[in-house]
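Enquirer: Supplied structure: data.pdb, PDB, C-alpha atoms.
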```pdb
MODEL        1
ATOM      1  CA  ARG H 234      -8.184 -24.326  12.582
ATOM      2  CA  LYS H 235      -9.788 -24.588   9.155
ATOM      3  CA  GLU H 236      -8.402 -22.339   6.438
ATOM      4  CA  VAL H 237     -11.741 -20.668   5.772
ATOM      5  CA  GLU H 238     -14.597 -20.787   8.260
ATOM      6  CA  GLN H 239     -18.148 -19.584   7.973
ATOM      7  CA  ASP H 240     -21.187 -19.810  10.215
ATOM      8  CA  PRO H 241     -23.342 -22.348   8.330
ATOM      9  CA  GLY H 242     -26.593 -20.737   9.471
ATOM     10  CA  PRO H 243     -29.323 -20.810   8.452
ATOM     11  CA  PHE H 244     -29.987 -17.150   8.995
ATOM     12  CA  ASN H 245     -33.746 -16.575   8.921
ATOM     13  CA  VAL H 246     -34.320 -12.878   8.302
ATOM     14  CA  PRO H 247     -37.527 -10.937   7.579
ATOM     15  CA  GLU H 248     -37.766  -9.201   4.250
ATOM     16  CA  GLY H 249     -36.419  -5.658   4.414
ATOM     17  CA  ALA H 250     -34.018  -6.359   7.262
ATOM     18  CA  THR H 251     -30.246  -5.983   7.210
ATOM     19  CA  VAL H 252     -28.139  -9.098   7.610
ATOM     20  CA  ALA H 253     -24.388  -9.577   7.952
ATOM     21  CA  PHE H 254     -22.136 -12.612   7.636
ATOM     22  CA  ASN H 255     -18.535 -13.027   8.646
ATOM     23  CA  CYS H 256     -15.897 -15.360   7.307
ATOM     24  CA  THR H 257     -12.566 -15.985   9.016
ATOM     25  CA  TYR H 258      -9.384 -17.171   7.316
ATOM     26  CA  SER H 259      -6.243 -18.632   8.837
ATOM     27  CA  ASN H 260      -3.509 -17.676   6.373
ATOM     28  CA  SER H 261      -2.444 -14.122   7.187
ATOM     29  CA  ALA H 262      -0.662 -13.840   3.824
ATOM     30  CA  SER H 263      -3.887 -14.300   1.838
ATOM     31  CA  GLN H 264      -4.378 -11.445  -0.589
ATOM     32  CA  SER H 265      -7.586 -12.040  -2.511
ATOM     33  CA  PHE H 266     -11.079 -12.453  -1.125
ATOM     34  CA  PHE H 267     -14.470 -12.988  -2.701
ATOM     35  CA  TRP H 268     -18.104 -13.666  -1.988
ATOM     36  CA  TYR H 269     -19.986 -16.128  -4.160
ATOM     37  CA  ARG H 270     -23.692 -16.843  -4.155
ATOM     38  CA  GLN H 271     -25.090 -20.343  -4.678
ATOM     39  CA  ASP H 272     -28.777 -20.947  -5.194
ATOM     40  CA  CYS H 273     -30.280 -24.303  -4.274
ATOM     41  CA  ARG H 274     -29.124 -27.007  -6.704
ATOM     42  CA  LYS H 275     -27.262 -24.469  -8.845
ATOM     43  CA  GLU H 276     -23.658 -23.568  -9.482
ATOM     44  CA  PRO H 277     -21.859 -20.848  -7.475
ATOM     45  CA  LYS H 278     -21.720 -17.406  -9.063
ATOM     46  CA  LEU H 279     -19.395 -14.544  -8.223
ATOM     47  CA  LEU H 280     -21.211 -11.936  -6.138
ATOM     48  CA  MET H 281     -18.364  -9.543  -5.466
ATOM     49  CA  SER H 282     -14.681  -9.230  -4.793
ATOM     50  CA  VAL H 283     -13.568  -7.830  -1.441
ATOM     51  CA  TYR H 284     -11.081  -4.978  -1.461
ATOM     52  CA  SER H 285      -8.963  -3.699   1.405
ATOM     53  CA  SER H 286     -10.823  -0.410   1.538
ATOM     54  CA  GLY H 287     -14.199  -2.122   1.471
ATOM     55  CA  ASN H 288     -16.563  -1.980  -1.455
ATOM     56  CA  GLU H 289     -20.226  -1.625  -2.170
ATOM     57  CA  ASP H 290     -22.463  -2.881  -4.935
ATOM     58  CA  GLY H 291     -26.026  -1.689  -4.537
ATOM     59  CA  ARG H 292     -27.440  -3.235  -1.370
ATOM     60  CA  PHE H 293     -24.312  -5.326  -0.783
ATOM     61  CA  THR H 294     -21.241  -4.167   1.121
ATOM     62  CA  ALA H 295     -18.083  -6.201   1.586
ATOM     63  CA  GLN H 296     -15.402  -5.441   4.167
ATOM     64  CA  LEU H 297     -11.960  -6.860   4.903
ATOM     65  CA  ASN H 298     -10.349  -6.800   8.335
ATOM     66  CA  ARG H 299      -6.752  -7.973   7.930
ATOM     67  CA  ALA H 300      -5.836  -7.524  11.586
ATOM     68  CA  SER H 301      -8.553  -9.929  12.698
ATOM     69  CA  GLN H 302      -8.412 -11.992   9.508
ATOM     70  CA  TYR H 303     -12.029 -11.879   8.529
ATOM     71  CA  ILE H 304     -14.194 -10.609   5.722
ATOM     72  CA  SER H 305     -17.814  -9.634   5.992
ATOM     73  CA  LEU H 306     -20.829  -9.273   3.749
ATOM     74  CA  LEU H 307     -23.655  -6.902   4.615
ATOM     75  CA  ILE H 308     -26.986  -7.068   2.800
ATOM     76  CA  ARG H 309     -29.331  -4.117   3.299
ATOM     77  CA  ASP H 310     -33.063  -4.044   2.603
ATOM     78  CA  SER H 311     -33.069  -7.799   2.023
ATOM     79  CA  LYS H 312     -35.290  -9.252  -0.695
ATOM     80  CA  LEU H 313     -36.877 -12.682  -0.982
ATOM     81  CA  SER H 314     -34.569 -13.270  -3.951
ATOM     82  CA  ASP H 315     -31.535 -12.907  -1.670
ATOM     83  CA  SER H 316     -32.301 -16.348  -0.220
ATOM     84  CA  ALA H 317     -29.280 -18.459  -1.102
ATOM     85  CA  THR H 318     -26.039 -19.822   0.291
ATOM     86  CA  TYR H 319     -23.181 -17.335   0.420
ATOM     87  CA  LEU H 320     -19.690 -18.750  -0.041
ATOM     88  CA  CYS H 321     -16.557 -17.062   1.216
ATOM     89  CA  VAL H 322     -13.544 -17.603  -1.054
ATOM     90  CA  VAL H 323      -9.917 -16.893  -0.185
ATOM     91  CA  ASN H 324      -6.834 -17.087  -2.365
ATOM     92  CA  ARG H 325      -4.066 -18.936  -0.513
ATOM     93  CA  ASP H 326      -1.057 -17.082  -1.834
ATOM     94  CA  ARG H 327       1.707 -19.504  -0.929
ATOM     95  CA  ASP H 328       0.621 -21.825  -3.721
ATOM     96  CA  ASP H 329      -2.048 -19.742  -5.435
ATOM     97  CA  LYS H 330      -4.777 -22.195  -4.405
ATOM     98  CA  ILE H 331      -8.290 -20.919  -3.927
ATOM     99  CA  ILE H 332     -10.164 -22.128  -0.855
ATOM    100  CA  PHE H 333     -13.961 -22.150  -0.595
ATOM    101  CA  GLY H 334     -15.791 -21.885   2.693
ATOM    102  CA  LYS H 335     -18.720 -24.227   3.280
ATOM    103  CA  GLY H 336     -21.173 -21.381   2.940
ATOM    104  CA  THR H 337     -23.764 -19.572   5.029
ATOM    105  CA  ARG H 338     -27.409 -20.267   4.263
ATOM    106  CA  LEU H 339     -29.735 -17.282   4.215
ATOM    107  CA  HIS H 340     -33.527 -17.497   4.200
ATOM    108  CA  ILE H 341     -35.440 -14.279   3.700
ATOM    109  CA  LEU H 342     -38.894 -14.576   5.221
ATOM    110  CA  PRO H 343     -41.918 -12.778   3.736
TER     111      PRO H 343
ATOM    112  CA  ASN T 177     -21.103 -17.881 -25.951
ATOM    113  CA  ALA T 178     -22.152 -20.728 -23.651
ATOM    114  CA  GLY T 179     -19.385 -20.309 -21.037
ATOM    115  CA  VAL T 180     -18.821 -23.675 -19.360
ATOM    116  CA  THR T 181     -20.954 -26.610 -20.461
ATOM    117  CA  GLN T 182     -21.200 -29.847 -18.511
ATOM    118  CA  THR T 183     -22.829 -33.083 -19.538
ATOM    119  CA  PRO T 184     -24.679 -35.064 -18.398
ATOM    120  CA  LYS T 185     -26.738 -33.118 -15.856
ATOM    121  CA  PHE T 186     -27.784 -36.242 -13.978
ATOM    122  CA  ARG T 187     -26.521 -39.806 -13.861
ATOM    123  CA  ILE T 188     -27.058 -42.903 -11.763
ATOM    124  CA  LEU T 189     -24.213 -45.410 -11.780
ATOM    125  CA  LYS T 190     -23.930 -48.851 -10.283
ATOM    126  CA  ILE T 191     -20.950 -49.658  -8.080
ATOM    127  CA  GLY T 192     -17.969 -50.569 -10.218
ATOM    128  CA  GLN T 193     -19.209 -48.910 -13.402
ATOM    129  CA  SER T 194     -17.206 -46.234 -15.129
ATOM    130  CA  MET T 195     -18.173 -42.970 -16.770
ATOM    131  CA  THR T 196     -16.794 -39.711 -18.093
ATOM    132  CA  LEU T 197     -18.119 -36.331 -17.081
ATOM    133  CA  GLN T 198     -17.704 -33.913 -19.938
ATOM    134  CA  CYS T 199     -16.729 -30.262 -19.594
ATOM    135  CA  THR T 200     -16.264 -27.772 -22.409
ATOM    136  CA  GLN T 201     -15.528 -24.050 -22.281
ATOM    137  CA  ASP T 202     -15.640 -21.540 -25.102
ATOM    138  CA  MET T 203     -13.857 -18.688 -23.328
ATOM    139  CA  ASN T 204     -10.333 -19.763 -24.323
ATOM    140  CA  HIS T 205      -9.247 -19.805 -20.685
ATOM    141  CA  ASN T 206      -6.155 -21.782 -19.774
ATOM    142  CA  TYR T 207      -7.164 -22.726 -16.241
ATOM    143  CA  MET T 208      -9.837 -25.366 -15.698
ATOM    144  CA  TYR T 209     -10.954 -27.118 -12.533
ATOM    145  CA  TRP T 210     -13.066 -30.004 -11.316
ATOM    146  CA  TYR T 211     -14.762 -29.696  -7.948
ATOM    147  CA  ARG T 212     -17.126 -31.935  -6.055
ATOM    148  CA  GLN T 213     -19.688 -30.700  -3.567
ATOM    149  CA  ASP T 214     -21.285 -33.038  -1.072
ATOM    150  CA  PRO T 215     -24.570 -32.020   0.611
ATOM    151  CA  GLY T 216     -24.027 -29.226   3.124
ATOM    152  CA  MET T 217     -20.332 -29.149   2.402
ATOM    153  CA  GLY T 218     -17.963 -26.847   0.607
ATOM    154  CA  LEU T 219     -16.363 -27.358  -2.758
ATOM    155  CA  LYS T 220     -13.406 -29.711  -2.854
ATOM    156  CA  LEU T 221     -10.884 -29.579  -5.663
ATOM    157  CA  ILE T 222     -10.402 -32.889  -7.501
ATOM    158  CA  TYR T 223      -8.081 -31.986 -10.372
ATOM    159  CA  TYR T 224      -7.070 -28.867 -12.210
ATOM    160  CA  SER T 225      -5.279 -27.891 -15.391
ATOM    161  CA  VAL T 226      -3.285 -24.785 -16.239
ATOM    162  CA  GLY T 227      -3.327 -25.458 -19.955
ATOM    163  CA  ALA T 228      -3.586 -28.080 -22.662
ATOM    164  CA  GLY T 229      -1.448 -31.096 -21.838
ATOM    165  CA  ILE T 230      -0.978 -30.115 -18.174
ATOM    166  CA  THR T 231      -2.986 -31.529 -15.295
ATOM    167  CA  ASP T 232      -2.425 -31.727 -11.562
ATOM    168  CA  LYS T 233      -4.056 -33.265  -8.516
ATOM    169  CA  GLY T 234      -6.194 -31.295  -6.164
ATOM    170  CA  GLU T 235      -7.355 -32.087  -2.665
ATOM    171  CA  VAL T 236      -9.372 -35.261  -3.410
ATOM    172  CA  PRO T 237      -8.049 -36.931  -6.610
ATOM    173  CA  ASN T 238      -8.377 -40.593  -5.621
ATOM    174  CA  GLY T 239     -10.765 -42.513  -7.845
ATOM    175  CA  TYR T 240     -10.653 -39.957 -10.651
ATOM    176  CA  ASN T 241      -8.602 -39.224 -13.734
ATOM    177  CA  VAL T 242      -8.504 -36.278 -16.109
ATOM    178  CA  SER T 243      -7.022 -35.309 -19.432
ATOM    179  CA  ARG T 244      -6.594 -31.987 -21.211
ATOM    180  CA  SER T 245      -5.859 -32.544 -24.882
ATOM    181  CA  THR T 246      -7.360 -29.209 -25.950
ATOM    182  CA  THR T 247      -7.928 -25.830 -24.323
ATOM    183  CA  GLU T 248     -11.687 -26.314 -24.597
ATOM    184  CA  ASP T 249     -12.195 -29.763 -23.081
ATOM    185  CA  PHE T 250     -11.430 -31.126 -19.622
ATOM    186  CA  PRO T 251     -13.179 -34.482 -19.078
ATOM    187  CA  LEU T 252     -13.265 -36.191 -15.683
ATOM    188  CA  ARG T 253     -13.149 -39.989 -15.635
ATOM    189  CA  LEU T 254     -14.450 -42.299 -12.902
ATOM    190  CA  GLU T 255     -13.085 -45.783 -13.437
ATOM    191  CA  LEU T 256     -14.686 -47.842 -10.653
ATOM    192  CA  ALA T 257     -17.606 -45.939  -9.205
ATOM    193  CA  ALA T 258     -18.084 -46.137  -5.437
ATOM    194  CA  PRO T 259     -20.949 -44.853  -3.243
ATOM    195  CA  SER T 260     -18.520 -42.296  -1.758
ATOM    196  CA  GLN T 261     -18.426 -40.631  -5.174
ATOM    197  CA  THR T 262     -22.091 -39.695  -4.958
ATOM    198  CA  SER T 263     -21.919 -35.930  -5.235
ATOM    199  CA  VAL T 264     -22.464 -32.903  -7.423
ATOM    200  CA  TYR T 265     -19.553 -32.244  -9.746
ATOM    201  CA  PHE T 266     -18.726 -28.776 -11.006
ATOM    202  CA  CYS T 267     -16.329 -27.848 -13.744
ATOM    203  CA  ALA T 268     -14.990 -24.294 -13.774
ATOM    204  CA  THR T 269     -12.633 -21.902 -15.480
ATOM    205  CA  ILE T 270     -11.064 -18.835 -13.937
ATOM    206  CA  PHE T 271     -10.051 -15.425 -15.164
ATOM    207  CA  ASN T 272      -8.628 -12.761 -12.857
ATOM    208  CA  TYR T 273      -9.707 -14.870  -9.868
ATOM    209  CA  GLY T 274     -13.344 -14.900 -10.997
ATOM    210  CA  TYR T 275     -14.635 -18.439 -11.454
ATOM    211  CA  THR T 276     -17.214 -19.376 -14.063
ATOM    212  CA  PHE T 277     -18.846 -22.670 -13.188
ATOM    213  CA  GLY T 278     -20.757 -25.118 -15.279
ATOM    214  CA  SER T 279     -24.253 -26.037 -14.133
ATOM    215  CA  GLY T 280     -23.039 -29.257 -12.541
ATOM    216  CA  THR T 281     -23.497 -33.004 -12.871
ATOM    217  CA  ARG T 282     -25.466 -34.783 -10.149
ATOM    218  CA  LEU T 283     -24.051 -38.266  -9.783
ATOM    219  CA  THR T 284     -25.522 -41.022  -7.660
ATOM    220  CA  VAL T 285     -23.693 -44.327  -7.204
ATOM    221  CA  VAL T 286     -25.858 -47.195  -5.999
TER     222      VAL T 286
ENDMDL
END
```
With the file now loaded, output its structure as structure tokens.
Expert:
Amino acid sequence: RKEVEQDPGPFNVPEGATVAFNCTYSNSASQSFFWYRQDCRKEPKLLMSVYSSGNEDGRFTAQLNRASQYISLLIRDSKLSDSATYLCVVNRDRDDKIIFGKGTRLHILP
Amino acid sequence: NAGVTQTPKFRILKIGQSMTLQCTQDMNHNYMYWYRQDPGMGLKLIYYSVGAGITDKGEVPNGYNVSRSTTEDFPLRLELAAPSQTSVYFCATIFNYGYTFGSGTRLTVV
């Protein structure tokens, strides 16, 4: 099983819809989780950290499910500008290495 | 405050040539990283450094070398370019688990 797995997509979603991605991780001792956004041919940029209690930033909500070892990202009222690849990032605590998922591609359709 | 600066942005190399990818940060961060990203794939760690004078191998170090003589600079050296090294290379620093990436170097080896 890969350390961090994401559905590669693409997710094709009409503008205004709600879309959710999941990311699973294999190391149950992982403590830190993040979502990054990567636009086409650009560098990744931190979107949000994921906290145990869940957290929200505007239209974006991140959740952590430790029992099932997955994190999720929910985007409400999607905009054309949300089209990007979303990378799941997990801190592997045993050696403090940070593992990137391969990303989920999202296309928001007008 | 430029953050992380990478040069060049694009480069085409012939097989067997050598080159240095430059990376400079002005945030005075100790940790610096080199990643490569192949099309449709996740980021793979090549080398990293926890401070000036200290470097360590990542997941895919073969064919590369690094040095860290100052806090600001972390160049990546390719000695004998191979087609398998065709990729996008990202340099990054980290602070409180939040990465800041450079804009990347697109390298093609022909």
Enquirer: Using the chain letters and numbering of this document, enumerate as number ranges by chain the residues selected by the PyMOL selection byres ((chain T and resi 239) around 9).
Expert: T: 236-238, 240-241, 253-258, 261
Enquirer: Which one of T:Asn272, T:Asn204, T:Ser279, T:Thr181 sits closest to Ser282 in chain H if you count only C-alpha atoms?
Expert: T:Asn272
Enquirer: Just want the 7 Å neighbourhood of Phe277 in chain T, counted on only C-alpha atoms, with same-chain residues fewer than 3 positions away dropped. Output as a PDB file with C-alpha atoms, keeping the file's coordinate frame.
Expert:
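Dumped to selection27.pdb:
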```
ATOM      1  CA  GLU H 276     -23.658 -23.568  -9.482  1.00  0.00           C
ATOM      2  CA  PRO H 277     -21.859 -20.848  -7.475  1.00  0.00           C
TER       3      PRO H 277
ATOM      4  CA  VAL T 180     -18.821 -23.675 -19.360  1.00  0.00           C
ATOM      5  CA  PHE T 266     -18.726 -28.776 -11.006  1.00  0.00           C
ATOM      6  CA  CYS T 267     -16.329 -27.848 -13.744  1.00  0.00           C
ATOM      7  CA  ALA T 268     -14.990 -24.294 -13.774  1.00  0.00           C
ATOM      8  CA  THR T 269     -12.633 -21.902 -15.480  1.00  0.00           C
TER       9      THR T 269
END
```
Enquirer: Applied to the shown file, which residues does the PyMOL selection byres ((chain H) within 9 of (chain T)) return, written as a list in words?
Expert: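 For this structure, the PyMOL selection byres ((chain H) within 9 of (chain T)) captures Pro241, Ser265, Phe267, Arg274, Lys275, Glu276, Pro277, Lys278, Leu279, Ser282, Leu320, Asn324, Ile331, Ile332, Phe333, Gly334, Lys335 and Gly336 of chain H.
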Enquirer: Could you list the residues chosen by the PyMOL selection byres ((chain T and resi 178) around 9) in this structure as number ranges by chain?
Expert: T: 177, 179-181, 201-203
Enquirer: Range 223-241 of chain T, all listed atoms, 5 Å padding on each side: what axis-aligned box centre and edge lengths in Å to one decimal come out, as lines of an AutoDock Vina configuration file?
Expert:
```
center_x = -5.9
center_y = -33.6
center_z = -12.7
size_x = 19.8
size_y = 27.7
size_z = 30.0
```
Enquirer: Excluding Asn206 in chain T and its own-chain neighbours fewer than 3 positions away, which residues fall within 8 Å of it when counting all atoms listed in the file? Please give them as an NGL selection string.
Expert: :T and (225-228 or 247 or 269)
Enquirer: Skip Ala317 in chain H itself and residues of its chain fewer than 6 positions away, then list as JSON, numbers by chain all residues within 6 Å of it, counting all atoms listed in the file.
Expert: {"H": [271, 272, 338, 339]}
Enquirer: Using the selection just defined, write its residues with C-alpha atoms as a PDB file, in the coordinates of the input.
Expert:
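Contents of out-v3.pdb, freshly written:
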```
ATOM      1  CA  GLN H 271     -25.090 -20.343  -4.678  1.00  0.00           C
ATOM      2  CA  ASP H 272     -28.777 -20.947  -5.194  1.00  0.00           C
ATOM      3  CA  ARG H 338     -27.409 -20.267   4.263  1.00  0.00           C
ATOM      4  CA  LEU H 339     -29.735 -17.282   4.215  1.00  0.00           C
TER       5      LEU H 339
END
```
Enquirer: So what do you get for CA of Thr200 in chain T versus CA of Met281 in chain H, distance-wise?
Expert: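 It comes out at 25.0 Å.
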Enquirer: Could you list, as an MDAnalysis selection string, every residue within 7 Å of Ile341 in chain H, counting all atoms listed in the file and ignoring same-chain residues fewer than 2 positions away?
Expert: chainID H and resid 245:248 312:313 315:316 339 343
Enquirer: Please provide as a ChimeraX atom specification all residues within 6 Å of Thr294 in chain H, with the sequence filter that same-chain residues fewer than 2 positions apart are discarded (counting all atoms listed in the file).
Expert: /H:288-289,306-307
Enquirer: Kindly give the distance, in Å, that separates CA of Ile222 in chain T and CA of Tyr284 in chain H, rounded to a single decimal.
Expert: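 Distance between the two atoms: 28.6 Å.
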Enquirer: What does the distance between CA of Leu297 in chain H and CA of Trp210 in chain T come to in Å, to one decimal place?
Expert: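 About the pair CA of Leu297 in chain H and CA of Trp210 in chain T: they are 28.3 Å apart.
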Enquirer: Quick one: of T:Gln198, T:Thr281, T:Gln193, T:Gln182, who's nearest to Leu252 in chain T, counting all atoms listed in the file?
Expert: T:Gln198
Enquirer: With N, CA, C and O atoms as the goal, would you fill in the gaps in range 217-243 of chain T and present it as a PDB file, in the frame of the given file?
Expert:
```pdb
ATOM      1  N   MET T 217     -21.787 -29.298   2.285  1.00  0.00           N
ATOM      2  CA  MET T 217     -20.332 -29.149   2.402  1.00  0.00           C
ATOM      3  C   MET T 217     -19.822 -28.157   1.373  1.00  0.00           C
ATOM      4  O   MET T 217     -20.529 -27.788   0.430  1.00  0.00           O
ATOM      5  N   GLY T 218     -18.571 -27.758   1.561  1.00  0.00           N
ATOM      6  CA  GLY T 218     -17.963 -26.847   0.607  1.00  0.00           C
ATOM      7  C   GLY T 218     -17.447 -27.571  -0.615  1.00  0.00           C
ATOM      8  O   GLY T 218     -17.531 -28.789  -0.732  1.00  0.00           O
ATOM      9  N   LEU T 219     -16.930 -26.810  -1.530  1.00  0.00           N
ATOM     10  CA  LEU T 219     -16.363 -27.358  -2.758  1.00  0.00           C
ATOM     11  C   LEU T 219     -14.974 -27.919  -2.474  1.00  0.00           C
ATOM     12  O   LEU T 219     -14.161 -27.273  -1.809  1.00  0.00           O
ATOM     13  N   LYS T 220     -14.728 -29.104  -2.994  1.00  0.00           N
ATOM     14  CA  LYS T 220     -13.406 -29.711  -2.854  1.00  0.00           C
ATOM     15  C   LYS T 220     -12.795 -29.930  -4.232  1.00  0.00           C
ATOM     16  O   LYS T 220     -13.449 -30.485  -5.128  1.00  0.00           O
ATOM     17  N   LEU T 221     -11.555 -29.519  -4.376  1.00  0.00           N
ATOM     18  CA  LEU T 221     -10.884 -29.579  -5.663  1.00  0.00           C
ATOM     19  C   LEU T 221     -10.415 -31.002  -5.951  1.00  0.00           C
ATOM     20  O   LEU T 221      -9.692 -31.595  -5.149  1.00  0.00           O
ATOM     21  N   ILE T 222     -10.787 -31.529  -7.116  1.00  0.00           N
ATOM     22  CA  ILE T 222     -10.402 -32.889  -7.501  1.00  0.00           C
ATOM     23  C   ILE T 222      -9.129 -32.848  -8.344  1.00  0.00           C
ATOM     24  O   ILE T 222      -8.122 -33.456  -8.009  1.00  0.00           O
ATOM     25  N   TYR T 223      -9.199 -32.155  -9.460  1.00  0.00           N
ATOM     26  CA  TYR T 223      -8.081 -31.986 -10.372  1.00  0.00           C
ATOM     27  C   TYR T 223      -8.170 -30.588 -10.989  1.00  0.00           C
ATOM     28  O   TYR T 223      -9.246 -29.999 -11.033  1.00  0.00           O
ATOM     29  N   TYR T 224      -7.049 -30.118 -11.479  1.00  0.00           N
ATOM     30  CA  TYR T 224      -7.070 -28.867 -12.210  1.00  0.00           C
ATOM     31  C   TYR T 224      -6.047 -28.911 -13.338  1.00  0.00           C
ATOM     32  O   TYR T 224      -5.199 -29.803 -13.394  1.00  0.00           O
ATOM     33  N   SER T 225      -6.169 -27.957 -14.236  1.00  0.00           N
ATOM     34  CA  SER T 225      -5.279 -27.891 -15.391  1.00  0.00           C
ATOM     35  C   SER T 225      -4.960 -26.424 -15.681  1.00  0.00           C
ATOM     36  O   SER T 225      -5.858 -25.583 -15.679  1.00  0.00           O
ATOM     37  N   VAL T 226      -3.694 -26.158 -15.936  1.00  0.00           N
ATOM     38  CA  VAL T 226      -3.285 -24.785 -16.239  1.00  0.00           C
ATOM     39  C   VAL T 226      -3.118 -24.564 -17.733  1.00  0.00           C
ATOM     40  O   VAL T 226      -2.739 -23.462 -18.152  1.00  0.00           O
ATOM     41  N   GLY T 227      -3.399 -25.595 -18.510  1.00  0.00           N
ATOM     42  CA  GLY T 227      -3.327 -25.458 -19.955  1.00  0.00           C
ATOM     43  C   GLY T 227      -3.366 -26.818 -20.612  1.00  0.00           C
ATOM     44  O   GLY T 227      -3.236 -27.850 -19.936  1.00  0.00           O
ATOM     45  N   ALA T 228      -3.527 -26.818 -21.925  1.00  0.00           N
ATOM     46  CA  ALA T 228      -3.586 -28.080 -22.662  1.00  0.00           C
ATOM     47  C   ALA T 228      -2.328 -28.904 -22.407  1.00  0.00           C
ATOM     48  O   ALA T 228      -1.218 -28.383 -22.437  1.00  0.00           O
ATOM     49  N   GLY T 229      -2.546 -30.179 -22.096  1.00  0.00           N
ATOM     50  CA  GLY T 229      -1.448 -31.096 -21.838  1.00  0.00           C
ATOM     51  C   GLY T 229      -0.921 -31.096 -20.421  1.00  0.00           C
ATOM     52  O   GLY T 229      -0.033 -31.882 -20.080  1.00  0.00           O
ATOM     53  N   ILE T 230      -1.473 -30.237 -19.559  1.00  0.00           N
ATOM     54  CA  ILE T 230      -0.978 -30.115 -18.174  1.00  0.00           C
ATOM     55  C   ILE T 230      -2.132 -30.320 -17.205  1.00  0.00           C
ATOM     56  O   ILE T 230      -3.134 -29.610 -17.262  1.00  0.00           O
ATOM     57  N   THR T 231      -1.983 -31.310 -16.335  1.00  0.00           N
ATOM     58  CA  THR T 231      -2.986 -31.529 -15.295  1.00  0.00           C
ATOM     59  C   THR T 231      -2.288 -31.761 -13.964  1.00  0.00           C
ATOM     60  O   THR T 231      -1.119 -32.162 -13.933  1.00  0.00           O
ATOM     61  N   ASP T 232      -3.014 -31.527 -12.883  1.00  0.00           N
ATOM     62  CA  ASP T 232      -2.425 -31.727 -11.562  1.00  0.00           C
ATOM     63  C   ASP T 232      -3.513 -32.093 -10.572  1.00  0.00           C
ATOM     64  O   ASP T 232      -4.689 -31.740 -10.757  1.00  0.00           O
ATOM     65  N   LYS T 233      -3.109 -32.814  -9.529  1.00  0.00           N
ATOM     66  CA  LYS T 233      -4.056 -33.265  -8.516  1.00  0.00           C
ATOM     67  C   LYS T 233      -4.452 -32.131  -7.597  1.00  0.00           C
ATOM     68  O   LYS T 233      -3.656 -31.248  -7.288  1.00  0.00           O
ATOM     69  N   GLY T 234      -5.705 -32.217  -7.165  1.00  0.00           N
ATOM     70  CA  GLY T 234      -6.194 -31.295  -6.164  1.00  0.00           C
ATOM     71  C   GLY T 234      -6.226 -31.951  -4.803  1.00  0.00           C
ATOM     72  O   GLY T 234      -5.391 -32.792  -4.472  1.00  0.00           O
ATOM     73  N   GLU T 235      -7.244 -31.612  -4.044  1.00  0.00           N
ATOM     74  CA  GLU T 235      -7.355 -32.087  -2.665  1.00  0.00           C
ATOM     75  C   GLU T 235      -7.851 -33.528  -2.569  1.00  0.00           C
ATOM     76  O   GLU T 235      -7.435 -34.278  -1.695  1.00  0.00           O
ATOM     77  N   VAL T 236      -8.732 -33.943  -3.494  1.00  0.00           N
ATOM     78  CA  VAL T 236      -9.372 -35.261  -3.410  1.00  0.00           C
ATOM     79  C   VAL T 236      -9.324 -35.992  -4.757  1.00  0.00           C
ATOM     80  O   VAL T 236     -10.361 -36.285  -5.348  1.00  0.00           O
ATOM     81  N   PRO T 237      -8.147 -36.345  -5.268  1.00  0.00           N
ATOM     82  CA  PRO T 237      -8.049 -36.931  -6.610  1.00  0.00           C
ATOM     83  C   PRO T 237      -8.309 -38.429  -6.703  1.00  0.00           C
ATOM     84  O   PRO T 237      -8.530 -38.947  -7.807  1.00  0.00           O
ATOM     85  N   ASN T 238      -8.290 -39.134  -5.570  1.00  0.00           N
ATOM     86  CA  ASN T 238      -8.377 -40.593  -5.621  1.00  0.00           C
ATOM     87  C   ASN T 238      -9.696 -41.057  -6.216  1.00  0.00           C
ATOM     88  O   ASN T 238     -10.768 -40.621  -5.814  1.00  0.00           O
ATOM     89  N   GLY T 239      -9.588 -41.971  -7.181  1.00  0.00           N
ATOM     90  CA  GLY T 239     -10.765 -42.513  -7.845  1.00  0.00           C
ATOM     91  C   GLY T 239     -11.139 -41.784  -9.116  1.00  0.00           C
ATOM     92  O   GLY T 239     -12.121 -42.151  -9.772  1.00  0.00           O
ATOM     93  N   TYR T 240     -10.359 -40.772  -9.472  1.00  0.00           N
ATOM     94  CA  TYR T 240     -10.653 -39.957 -10.651  1.00  0.00           C
ATOM     95  C   TYR T 240      -9.413 -39.830 -11.535  1.00  0.00           C
ATOM     96  O   TYR T 240      -8.290 -39.946 -11.059  1.00  0.00           O
ATOM     97  N   ASN T 241      -9.671 -39.570 -12.807  1.00  0.00           N
ATOM     98  CA  ASN T 241      -8.602 -39.224 -13.734  1.00  0.00           C
ATOM     99  C   ASN T 241      -9.089 -38.131 -14.666  1.00  0.00           C
ATOM    100  O   ASN T 241     -10.296 -38.011 -14.928  1.00  0.00           O
ATOM    101  N   VAL T 242      -8.155 -37.341 -15.178  1.00  0.00           N
ATOM    102  CA  VAL T 242      -8.504 -36.278 -16.109  1.00  0.00           C
ATOM    103  C   VAL T 242      -7.524 -36.282 -17.266  1.00  0.00           C
ATOM    104  O   VAL T 242      -6.456 -36.894 -17.211  1.00  0.00           O
ATOM    105  N   SER T 243      -7.909 -35.562 -18.299  1.00  0.00           N
ATOM    106  CA  SER T 243      -7.022 -35.309 -19.432  1.00  0.00           C
ATOM    107  C   SER T 243      -7.326 -33.919 -19.959  1.00  0.00           C
ATOM    108  O   SER T 243      -8.421 -33.386 -19.737  1.00  0.00           O
TER     109      SER T 243
END
```
